[in-house]
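S.K.: Got a structure for you, written out below as structure tokens; questions coming shortly.
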Amino acid sequence: MQHRIVVLGAGYTGAVAAGRLAKRLHREDVTITLVNAEPDFVERVRLHQLAAGQELKPRPFSEMFAGTGVELKLARVTAVDVDRKTVTVSAAHGHAPEELAYDTLVYALGSGWNDGGVPGAAEHAHELSSRPGALRLRDRLAALSAGRPVVVVGGGLTGVEAATEIAEARPDLDVALATHGVLGDWLSEKGRAHLRKVVTRLGITVHEHAAVGSVEADRVTTRDGRTVPADVTVWTTGFAVHPIARATALEVTDRGQIVVDGTMRSVSHPDVYAVGDAAMALGPQDKPLRMSCASGVPMAWQAADAIAARLAGVDVPRVAIRYFQQCVSLGRGEGLIQFVTADDRAVDRALTGRMAALYKELICKGAAWGVANPTMGMPSRRRRVVRQETLSPAHAETAA
């Protein structure tokens, strides 16, 4: 009997995990089903470019996984029953819900935008965590006449990239960035100085120490009472994980992330693995890994390798998950590569300017290539499945 592996979500982590499993295991021994609501891979790290009016290269899953043995099911996940080991999905076009049974589940549903409960944000702000959201923002920006105000709320990676991309693409707009702290306070001194130089050159107004307390159709208001005009508000203050995990019997954090061990295996249900934003895993210095592609892809490698090893009855390899840099695009011609410690703290070294933009572009293309070519660039050895039983987490760690 074939071992049934179901992967939920085909973002960077889910797609990488499915492709790596297909490379690691014999096709005769397993079925790998990848569930995703959209037929194309979405380069989430480029959604600010899409919102600014650029077109992204289409990457259909039907081409990416052709000949790999991965079955793509276009459907939306509506429920997971970890006790019965089933997933309920709802396909498009009014089809009745369907139940998928699994032996091993890889949960990679990721995250969406988080309005933080700020009054008016859900009604009036635009999000950049999904392709539909980026397309809606693109249409709204295209409809603005010259001189109209746009406010990006959030001074992290997404906010900085969105503000600079919009300001470069539409220099006729009045673009502002509102951040709760100091601009670039997560960067080194060199990185902060370069970011401020680029932001100034692009004409972006920066509102520091400006935590937003409410959003209206034509303005945002900070918690200390300042009002900033905004025909368009872009909300980039953070991400919220998909809510389905919280509704299951899985052990989750207060944020709804699935608690996993060092092999990305659920600590409460050993037949479930979680990767990417959906998982709470510890990195160097026992710090939780942040929600990012830089964390998610190595997590997917680890989960796939651990599943394959356990099914084959061999030692479980360990993937070293650490940070090297934070890559920030500042429009198409400028960039910032902030080098960091293994646990993601900025160091003095930073690459700036055109070379940094090219570096960031190479990173983005490399990540997309890895997803689009899921079974290339790896040893071709496929292991045979010899173990079907599910071990308890403690027993599994001893056996590994």
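Going through the structure tokens in order, the chains are called A, B, and so on, while each chain numbers its residues from 1 and the ligands are numbered from 1 in the order shown.
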Go through range 40-74 of chain A residue by residue and, counting only C-alpha atoms, keep those with an atom at most 12 Å from range 8-15 of chain A; for each kept residue give the shortest atom pair and its distance in Å to one decimal, ordered by chain and increasing number, as CSV.
M.R.:
residue,atom,partner,partner_atom,distance
A:Asp40,CA,A:Ala10,CA,8.9
A:Phe41,CA,A:Gly11,CA,6.7
A:Val42,CA,A:Gly11,CA,6.8
A:Glu43,CA,A:Tyr12,CA,7.9
A:Arg44,CA,A:Gly11,CA,8.1
A:Val45,CA,A:Tyr12,CA,9.9
A:Arg59,CA,A:Gly11,CA,11.8
A:Pro60,CA,A:Ala10,CA,11.2
A:Phe61,CA,A:Ala10,CA,8.9
A:Met64,CA,A:Ala15,CA,9.5
A:Phe65,CA,A:Ala15,CA,9.2
A:Val70,CA,A:Ala15,CA,9.9
A:Glu71,CA,A:Ala15,CA,11.5
A:Leu72,CA,A:Ala10,CA,9.4
A:Lys73,CA,A:Leu8,CA,9.8
A:Leu74,CA,A:Gly9,CA,10.1
S.K.: Can you tell me which residues surround range 201-208 of chain A at a distance of at most 10 Å, considering only C-alpha atoms, apart from same-chain residues fewer than 3 positions away, and format the answer as a ChimeraX atom specification?
M.R.: /A:150-153,155,163-168,170-183,195-198,211,222,226,228,330-331
S.K.: Calculate how many Å separate CA of Gly159 in chain A from CA of Val328 in chain A, rounding to one decimal.
M.R.: 10.4 Å
S.K.: When you draw a straight line from CA of Pro39 in chain A to CA of Ser292 in chain A, how long is it in Å?
M.R.: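 Calculated distance between CA of Pro39 in chain A and CA of Ser292 in chain A is 22.4 Å.
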S.K.: In range 85-276 of chain A, what's strand (DSSP E or B) per DSSP? Answer as JSON, numbers by chain?
M.R.: {"A": [86, 87, 88, 89, 90, 91, 98, 99, 100, 101, 104, 105, 106, 107, 111, 112, 113, 125, 126, 127, 149, 150, 151, 152, 153, 174, 175, 176, 177, 178, 205, 206, 207, 212, 213, 214, 215, 216, 219, 220, 221, 222, 227, 228, 229, 232, 233, 234, 235, 239, 240, 241, 252, 258, 259, 260, 265, 266, 272, 273, 274]}
S.K.: Would you mind listing, for every residue of range 156-250 of chain A within 12 Å of range 346-363 of chain A, the two atoms forming the shortest contact and the distance between them in Å to one decimal, using only C-alpha atoms, sorted by chain and ascending residue number, as a tab-separated table?
M.R.:
residue	atom	partner	partner_atom	distance
A:Glu161	CA	A:Ala357	CA	11.7
A:Gly184	CA	A:Ala346	CA	11.0
A:Asp185	CA	A:Ala346	CA	10.0
A:Trp186	CA	A:Ala346	CA	7.1
A:Leu187	CA	A:Ala346	CA	5.8
A:Ser188	CA	A:Ala346	CA	5.6
A:Glu189	CA	A:Asp348	CA	7.1
A:Lys190	CA	A:Ala350	CA	6.7
A:Gly191	CA	A:Ala350	CA	6.1
A:Arg192	CA	A:Ala350	CA	9.9
A:Ala193	CA	A:Thr352	CA	10.2
A:His194	CA	A:Thr352	CA	7.0
A:Leu195	CA	A:Thr352	CA	9.0
A:Lys197	CA	A:Gly353	CA	10.6
A:Val198	CA	A:Gly353	CA	9.2
S.K.: Export, as a PDB file, in the first residue's frame, the selected residues with N, CA and C atoms.
M.R.:
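For reference, result17.pdb as written:
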ATOM      1  N   GLU A 161      10.121  48.139   1.190  1.00  0.00           N
ATOM      2  CA  GLU A 161      10.122  47.763  -0.220  1.00  0.00           C
ATOM      3  C   GLU A 161       8.909  48.332  -0.945  1.00  0.00           C
ATOM      4  N   GLY A 184      14.471  52.105   9.809  1.00  0.00           N
ATOM      5  CA  GLY A 184      15.600  51.193   9.699  1.00  0.00           C
ATOM      6  C   GLY A 184      16.254  50.848  11.017  1.00  0.00           C
ATOM      7  N   ASP A 185      15.493  50.873  12.111  1.00  0.00           N
ATOM      8  CA  ASP A 185      16.112  50.610  13.409  1.00  0.00           C
ATOM      9  C   ASP A 185      16.585  49.160  13.566  1.00  0.00           C
ATOM     10  N   TRP A 186      16.243  48.304  12.612  1.00  0.00           N
ATOM     11  CA  TRP A 186      16.693  46.912  12.635  1.00  0.00           C
ATOM     12  C   TRP A 186      17.965  46.713  11.814  1.00  0.00           C
ATOM     13  N   LEU A 187      18.486  47.811  11.240  1.00  0.00           N
ATOM     14  CA  LEU A 187      19.666  47.746  10.389  1.00  0.00           C
ATOM     15  C   LEU A 187      20.917  48.233  11.134  1.00  0.00           C
ATOM     16  N   SER A 188      22.075  47.997  10.514  1.00  0.00           N
ATOM     17  CA  SER A 188      23.314  48.570  11.030  1.00  0.00           C
ATOM     18  C   SER A 188      23.340  50.069  10.739  1.00  0.00           C
ATOM     19  N   GLU A 189      24.331  50.755  11.281  1.00  0.00           N
ATOM     20  CA  GLU A 189      24.440  52.198  11.036  1.00  0.00           C
ATOM     21  C   GLU A 189      24.602  52.480   9.542  1.00  0.00           C
ATOM     22  N   LYS A 190      25.411  51.682   8.867  1.00  0.00           N
ATOM     23  CA  LYS A 190      25.599  51.862   7.426  1.00  0.00           C
ATOM     24  C   LYS A 190      24.299  51.600   6.682  1.00  0.00           C
ATOM     25  N   GLY A 191      23.595  50.554   7.074  1.00  0.00           N
ATOM     26  CA  GLY A 191      22.332  50.233   6.412  1.00  0.00           C
ATOM     27  C   GLY A 191      21.302  51.326   6.611  1.00  0.00           C
ATOM     28  N   ARG A 192      21.180  51.851   7.828  1.00  0.00           N
ATOM     29  CA  ARG A 192      20.220  52.929   8.095  1.00  0.00           C
ATOM     30  C   ARG A 192      20.545  54.165   7.284  1.00  0.00           C
ATOM     31  N   ALA A 193      21.819  54.497   7.197  1.00  0.00           N
ATOM     32  CA  ALA A 193      22.214  55.695   6.460  1.00  0.00           C
ATOM     33  C   ALA A 193      21.869  55.563   4.981  1.00  0.00           C
ATOM     34  N   HIS A 194      22.100  54.388   4.418  1.00  0.00           N
ATOM     35  CA  HIS A 194      21.790  54.205   2.999  1.00  0.00           C
ATOM     36  C   HIS A 194      20.288  54.225   2.770  1.00  0.00           C
ATOM     37  N   LEU A 195      19.542  53.575   3.642  1.00  0.00           N
ATOM     38  CA  LEU A 195      18.085  53.583   3.500  1.00  0.00           C
ATOM     39  C   LEU A 195      17.548  55.006   3.547  1.00  0.00           C
ATOM     40  N   LYS A 197      19.112  57.726   2.803  1.00  0.00           N
ATOM     41  CA  LYS A 197      19.534  58.451   1.608  1.00  0.00           C
ATOM     42  C   LYS A 197      18.602  58.135   0.433  1.00  0.00           C
ATOM     43  N   VAL A 198      18.267  56.875   0.240  1.00  0.00           N
ATOM     44  CA  VAL A 198      17.404  56.484  -0.875  1.00  0.00           C
ATOM     45  C   VAL A 198      16.000  57.023  -0.679  1.00  0.00           C
TER      46      VAL A 198
END
S.K.: Choose the residue, out of A:Arg46, A:Leu21, A:Ala309, A:Arg290, that has the smallest atom-to-atom separation from Lys365 in chain A; count only C-alpha atoms.
M.R.: A:Arg46
S.K.: Tell me, as a tab-separated table (two decimals) with N, CA and C atoms, in the first residue's frame, which residues lie within 9 Å of Ala300 in chain A, counting only C-alpha atoms; anything in the same chain fewer than 5 positions away does not count.
M.R.:
chain	number	residue	atom	x	y	z
A	12	TYR	N	6.31	29.10	-1.21
A	12	TYR	CA	7.70	28.66	-1.30
A	12	TYR	C	7.91	27.35	-0.53
A	13	THR	N	7.41	27.28	0.70
A	13	THR	CA	7.73	26.12	1.54
A	13	THR	C	6.99	24.86	1.11
A	14	GLY	N	5.69	24.98	0.83
A	14	GLY	CA	4.93	23.80	0.43
A	14	GLY	C	5.40	23.22	-0.88
A	15	ALA	N	5.65	24.11	-1.86
A	15	ALA	CA	6.10	23.63	-3.17
A	15	ALA	C	7.48	22.99	-3.07
A	16	VAL	N	8.37	23.59	-2.30
A	16	VAL	CA	9.72	23.02	-2.13
A	16	VAL	C	9.64	21.67	-1.43
A	17	ALA	N	8.82	21.57	-0.39
A	17	ALA	CA	8.69	20.31	0.34
A	17	ALA	C	8.15	19.20	-0.56
A	18	ALA	N	7.12	19.51	-1.36
A	18	ALA	CA	6.55	18.49	-2.24
A	18	ALA	C	7.56	18.02	-3.27
A	20	ARG	N	10.85	18.16	-3.10
A	20	ARG	CA	11.96	17.45	-2.47
A	20	ARG	C	11.54	16.03	-2.06
A	108	ALA	N	1.59	23.70	5.29
A	108	ALA	CA	2.35	24.86	4.81
A	108	ALA	C	1.40	25.96	4.32
A	264	MET	N	10.94	19.71	12.23
A	264	MET	CA	9.69	20.31	11.77
A	264	MET	C	8.48	19.41	12.00
A	274	ALA	N	5.07	20.78	9.99
A	274	ALA	CA	4.69	22.15	9.64
A	274	ALA	C	5.93	22.93	9.25
A	275	VAL	N	5.79	23.75	8.22
A	275	VAL	CA	6.93	24.51	7.70
A	275	VAL	C	6.50	25.94	7.39
A	276	GLY	N	7.49	26.82	7.32
A	276	GLY	CA	7.23	28.20	6.96
A	276	GLY	C	6.54	28.97	8.07
A	295	SER	N	13.76	31.68	6.23
A	295	SER	CA	13.55	30.61	7.21
A	295	SER	C	12.78	29.45	6.60
A	305	ASP	N	13.34	15.95	4.19
A	305	ASP	CA	14.41	14.99	4.45
A	305	ASP	C	14.08	14.10	5.64
S.K.: Neighbouring residues of range 280-285 of chain A were defined as those with any atom within 7 Å, considering only C-alpha atoms; residues of the same chain fewer than 5 positions away were excluded. Please report them as a PDB file with N, CA and C atoms, in the first residue's frame.
M.R.:
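File written: out-v2.pdb
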ATOM      1  N   GLN A 257       0.615  29.314  15.536  1.00  0.00           N
ATOM      2  CA  GLN A 257       1.629  28.536  14.835  1.00  0.00           C
ATOM      3  C   GLN A 257       1.752  27.147  15.452  1.00  0.00           C
ATOM      4  N   ILE A 258       1.975  26.146  14.613  1.00  0.00           N
ATOM      5  CA  ILE A 258       2.122  24.772  15.073  1.00  0.00           C
ATOM      6  C   ILE A 258       3.501  24.616  15.718  1.00  0.00           C
ATOM      7  N   VAL A 259       3.541  24.089  16.921  1.00  0.00           N
ATOM      8  CA  VAL A 259       4.804  23.898  17.632  1.00  0.00           C
ATOM      9  C   VAL A 259       5.471  22.633  17.090  1.00  0.00           C
ATOM     10  N   VAL A 260       6.715  22.780  16.619  1.00  0.00           N
ATOM     11  CA  VAL A 260       7.433  21.658  16.010  1.00  0.00           C
ATOM     12  C   VAL A 260       8.779  21.460  16.686  1.00  0.00           C
ATOM     13  N   ASP A 261       9.351  20.276  16.451  1.00  0.00           N
ATOM     14  CA  ASP A 261      10.689  20.002  16.955  1.00  0.00           C
ATOM     15  C   ASP A 261      11.724  20.401  15.902  1.00  0.00           C
ATOM     16  N   GLY A 262      12.960  19.990  16.106  1.00  0.00           N
ATOM     17  CA  GLY A 262      14.024  20.388  15.200  1.00  0.00           C
ATOM     18  C   GLY A 262      13.932  19.791  13.812  1.00  0.00           C
ATOM     19  N   ILE A 321      19.639  25.585  10.051  1.00  0.00           N
ATOM     20  CA  ILE A 321      18.824  26.749   9.704  1.00  0.00           C
ATOM     21  C   ILE A 321      19.397  27.961  10.425  1.00  0.00           C
ATOM     22  N   ARG A 322      19.973  28.854   9.672  1.00  0.00           N
ATOM     23  CA  ARG A 322      20.571  30.065  10.222  1.00  0.00           C
ATOM     24  C   ARG A 322      20.419  31.185   9.206  1.00  0.00           C
ATOM     25  N   ALA A 342      24.074  34.585  12.816  1.00  0.00           N
ATOM     26  CA  ALA A 342      23.277  33.378  12.609  1.00  0.00           C
ATOM     27  C   ALA A 342      21.878  33.518  13.178  1.00  0.00           C
ATOM     28  N   ASP A 343      21.725  34.298  14.267  1.00  0.00           N
ATOM     29  CA  ASP A 343      20.403  34.481  14.867  1.00  0.00           C
ATOM     30  C   ASP A 343      19.761  35.805  14.455  1.00  0.00           C
TER      31      ASP A 343
END
S.K.: Which neighbours of Ala217 in chain A fall inside 9 Å, counting only C-alpha atoms, when residues of the same chain fewer than 4 positions from it are skipped, and could you give them as a list in words?
M.R.: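 Neighbouring residues, sequence-local ones excluded: Gly120, Glu123, His124, Ala125, Ala230, Asp231, Val232 and Thr233 of chain A.
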S.K.: Using CA of Ala210 in chain A and CA of Asn114 in chain A as the two end points, give the distance in Å to one decimal.
M.R.: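 So the two atoms, CA of Ala210 in chain A and CA of Asn114 in chain A, lie 17.7 Å apart.
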S.K.: Using only C-alpha atoms, which protein or nucleic acid residues come within 10 Å of Arg76 in chain A? Drop anything in the same chain fewer than 3 positions from it, and give the result as a list in words.
M.R.: Leu8, Gly9, Val35, Asn36, Ala37, Glu38, Lys73, Ala79, Thr88, Val89, Ser90, Ala91, Ala92 and Pro97 of chain A
S.K.: I'd like to know which of A:Leu50, A:Gly225, A:Ala121, A:Val106 is closest to Asp139 in chain A, using only C-alpha atoms.
M.R.: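 Nearest to Asp139 in chain A: A:Leu50.
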S.K.: Closest to Leu100 in chain A among A:Asp254, A:Asp81, A:Glu28, A:Asp115, using only C-alpha atoms?
M.R.: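 Closest to Leu100 in chain A of all the choices is A:Asp81.
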S.K.: Pick out the closest residue to Val212 in chain A from this set: A:Val199, A:Val160, A:Leu56, A:Val118. Count only C-alpha atoms.
M.R.: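 Of A:Val199, A:Val160, A:Leu56, A:Val118, the one nearest Val212 in chain A, counting only C-alpha atoms, is A:Val118.
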S.K.: Residues of range 110-314 of chain A in helix (DSSP H, G or I) according to DSSP, as a PDB file with C-alpha atoms, in the first residue's frame?
M.R.:
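Output contents, as saved in result_30.pdb:
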ATOM      1  CA  ALA A 121      -7.679  48.985   8.711  1.00  0.00           C
ATOM      2  CA  ALA A 122      -9.659  46.008   7.408  1.00  0.00           C
ATOM      3  CA  GLU A 123     -12.163  48.294   5.678  1.00  0.00           C
ATOM      4  CA  HIS A 124      -9.875  50.935   4.198  1.00  0.00           C
ATOM      5  CA  ARG A 131      -1.666  38.258  -5.280  1.00  0.00           C
ATOM      6  CA  PRO A 132      -5.318  39.413  -5.243  1.00  0.00           C
ATOM      7  CA  GLY A 133      -4.401  42.071  -2.683  1.00  0.00           C
ATOM      8  CA  ALA A 134      -1.465  43.283  -4.761  1.00  0.00           C
ATOM      9  CA  LEU A 135      -3.636  43.448  -7.881  1.00  0.00           C
ATOM     10  CA  ARG A 136      -6.304  45.461  -6.075  1.00  0.00           C
ATOM     11  CA  LEU A 137      -3.641  47.880  -4.874  1.00  0.00           C
ATOM     12  CA  ARG A 138      -2.207  48.140  -8.388  1.00  0.00           C
ATOM     13  CA  ASP A 139      -5.611  49.121  -9.785  1.00  0.00           C
ATOM     14  CA  ARG A 140      -6.162  51.655  -7.025  1.00  0.00           C
ATOM     15  CA  LEU A 141      -2.756  53.266  -7.522  1.00  0.00           C
ATOM     16  CA  ALA A 142      -3.282  53.413 -11.282  1.00  0.00           C
ATOM     17  CA  LEU A 157      11.093  44.845   5.081  1.00  0.00           C
ATOM     18  CA  THR A 158       7.710  44.791   3.340  1.00  0.00           C
ATOM     19  CA  GLY A 159       6.882  48.390   4.166  1.00  0.00           C
ATOM     20  CA  VAL A 160      10.238  49.743   3.030  1.00  0.00           C
ATOM     21  CA  GLU A 161      10.122  47.763  -0.220  1.00  0.00           C
ATOM     22  CA  ALA A 162       6.539  48.834  -0.933  1.00  0.00           C
ATOM     23  CA  ALA A 163       7.154  52.521  -0.259  1.00  0.00           C
ATOM     24  CA  THR A 164      10.315  52.747  -2.373  1.00  0.00           C
ATOM     25  CA  GLU A 165       8.839  50.709  -5.237  1.00  0.00           C
ATOM     26  CA  ILE A 166       5.703  52.862  -5.401  1.00  0.00           C
ATOM     27  CA  ALA A 167       7.674  56.104  -5.101  1.00  0.00           C
ATOM     28  CA  GLU A 168      10.025  55.080  -7.895  1.00  0.00           C
ATOM     29  CA  ALA A 169       7.239  53.868 -10.210  1.00  0.00           C
ATOM     30  CA  GLU A 189      24.440  52.198  11.036  1.00  0.00           C
ATOM     31  CA  LYS A 190      25.599  51.862   7.426  1.00  0.00           C
ATOM     32  CA  GLY A 191      22.332  50.233   6.412  1.00  0.00           C
ATOM     33  CA  ARG A 192      20.220  52.929   8.095  1.00  0.00           C
ATOM     34  CA  ALA A 193      22.214  55.695   6.460  1.00  0.00           C
ATOM     35  CA  HIS A 194      21.790  54.205   2.999  1.00  0.00           C
ATOM     36  CA  LEU A 195      18.085  53.583   3.500  1.00  0.00           C
ATOM     37  CA  ARG A 196      17.541  57.164   4.597  1.00  0.00           C
ATOM     38  CA  LYS A 197      19.534  58.451   1.608  1.00  0.00           C
ATOM     39  CA  VAL A 198      17.404  56.484  -0.875  1.00  0.00           C
ATOM     40  CA  VAL A 199      14.139  57.402   0.829  1.00  0.00           C
ATOM     41  CA  THR A 200      15.089  61.079   0.726  1.00  0.00           C
ATOM     42  CA  ARG A 201      16.085  60.901  -2.941  1.00  0.00           C
ATOM     43  CA  ALA A 245      -4.336  25.028  12.697  1.00  0.00           C
ATOM     44  CA  ARG A 246      -5.831  26.719  15.754  1.00  0.00           C
ATOM     45  CA  ALA A 247      -9.100  24.853  15.123  1.00  0.00           C
ATOM     46  CA  GLY A 276       7.226  28.201   6.960  1.00  0.00           C
ATOM     47  CA  ASP A 277       5.084  30.837   8.655  1.00  0.00           C
ATOM     48  CA  ALA A 278       2.713  28.127   9.932  1.00  0.00           C
ATOM     49  CA  PRO A 284      20.258  29.637  16.564  1.00  0.00           C
ATOM     50  CA  GLN A 285      20.393  30.667  20.232  1.00  0.00           C
ATOM     51  CA  ASP A 286      16.942  29.034  20.583  1.00  0.00           C
ATOM     52  CA  CYS A 293      11.419  32.919   2.876  1.00  0.00           C
ATOM     53  CA  ALA A 294      14.916  32.750   4.373  1.00  0.00           C
ATOM     54  CA  SER A 295      13.547  30.609   7.214  1.00  0.00           C
ATOM     55  CA  GLY A 296      10.809  28.769   5.348  1.00  0.00           C
ATOM     56  CA  VAL A 297      12.795  27.118   2.577  1.00  0.00           C
ATOM     57  CA  PRO A 298      15.361  25.459   4.901  1.00  0.00           C
ATOM     58  CA  MET A 299      12.439  24.362   7.082  1.00  0.00           C
ATOM     59  CA  ALA A 300      10.899  22.687   4.019  1.00  0.00           C
ATOM     60  CA  TRP A 301      14.203  20.958   3.242  1.00  0.00           C
ATOM     61  CA  GLN A 302      14.396  19.677   6.809  1.00  0.00           C
ATOM     62  CA  ALA A 303      10.810  18.409   6.878  1.00  0.00           C
ATOM     63  CA  ALA A 304      11.090  16.598   3.532  1.00  0.00           C
ATOM     64  CA  ASP A 305      14.412  14.987   4.447  1.00  0.00           C
ATOM     65  CA  ALA A 306      13.091  13.909   7.854  1.00  0.00           C
ATOM     66  CA  ILE A 307       9.930  12.370   6.373  1.00  0.00           C
ATOM     67  CA  ALA A 308      11.905  10.483   3.730  1.00  0.00           C
ATOM     68  CA  ALA A 309      14.450   9.235   6.257  1.00  0.00           C
ATOM     69  CA  ARG A 310      11.874   8.049   8.753  1.00  0.00           C
ATOM     70  CA  LEU A 311       9.872   6.227   6.084  1.00  0.00           C
ATOM     71  CA  ALA A 312      13.082   4.596   4.852  1.00  0.00           C
TER      72      ALA A 312
END
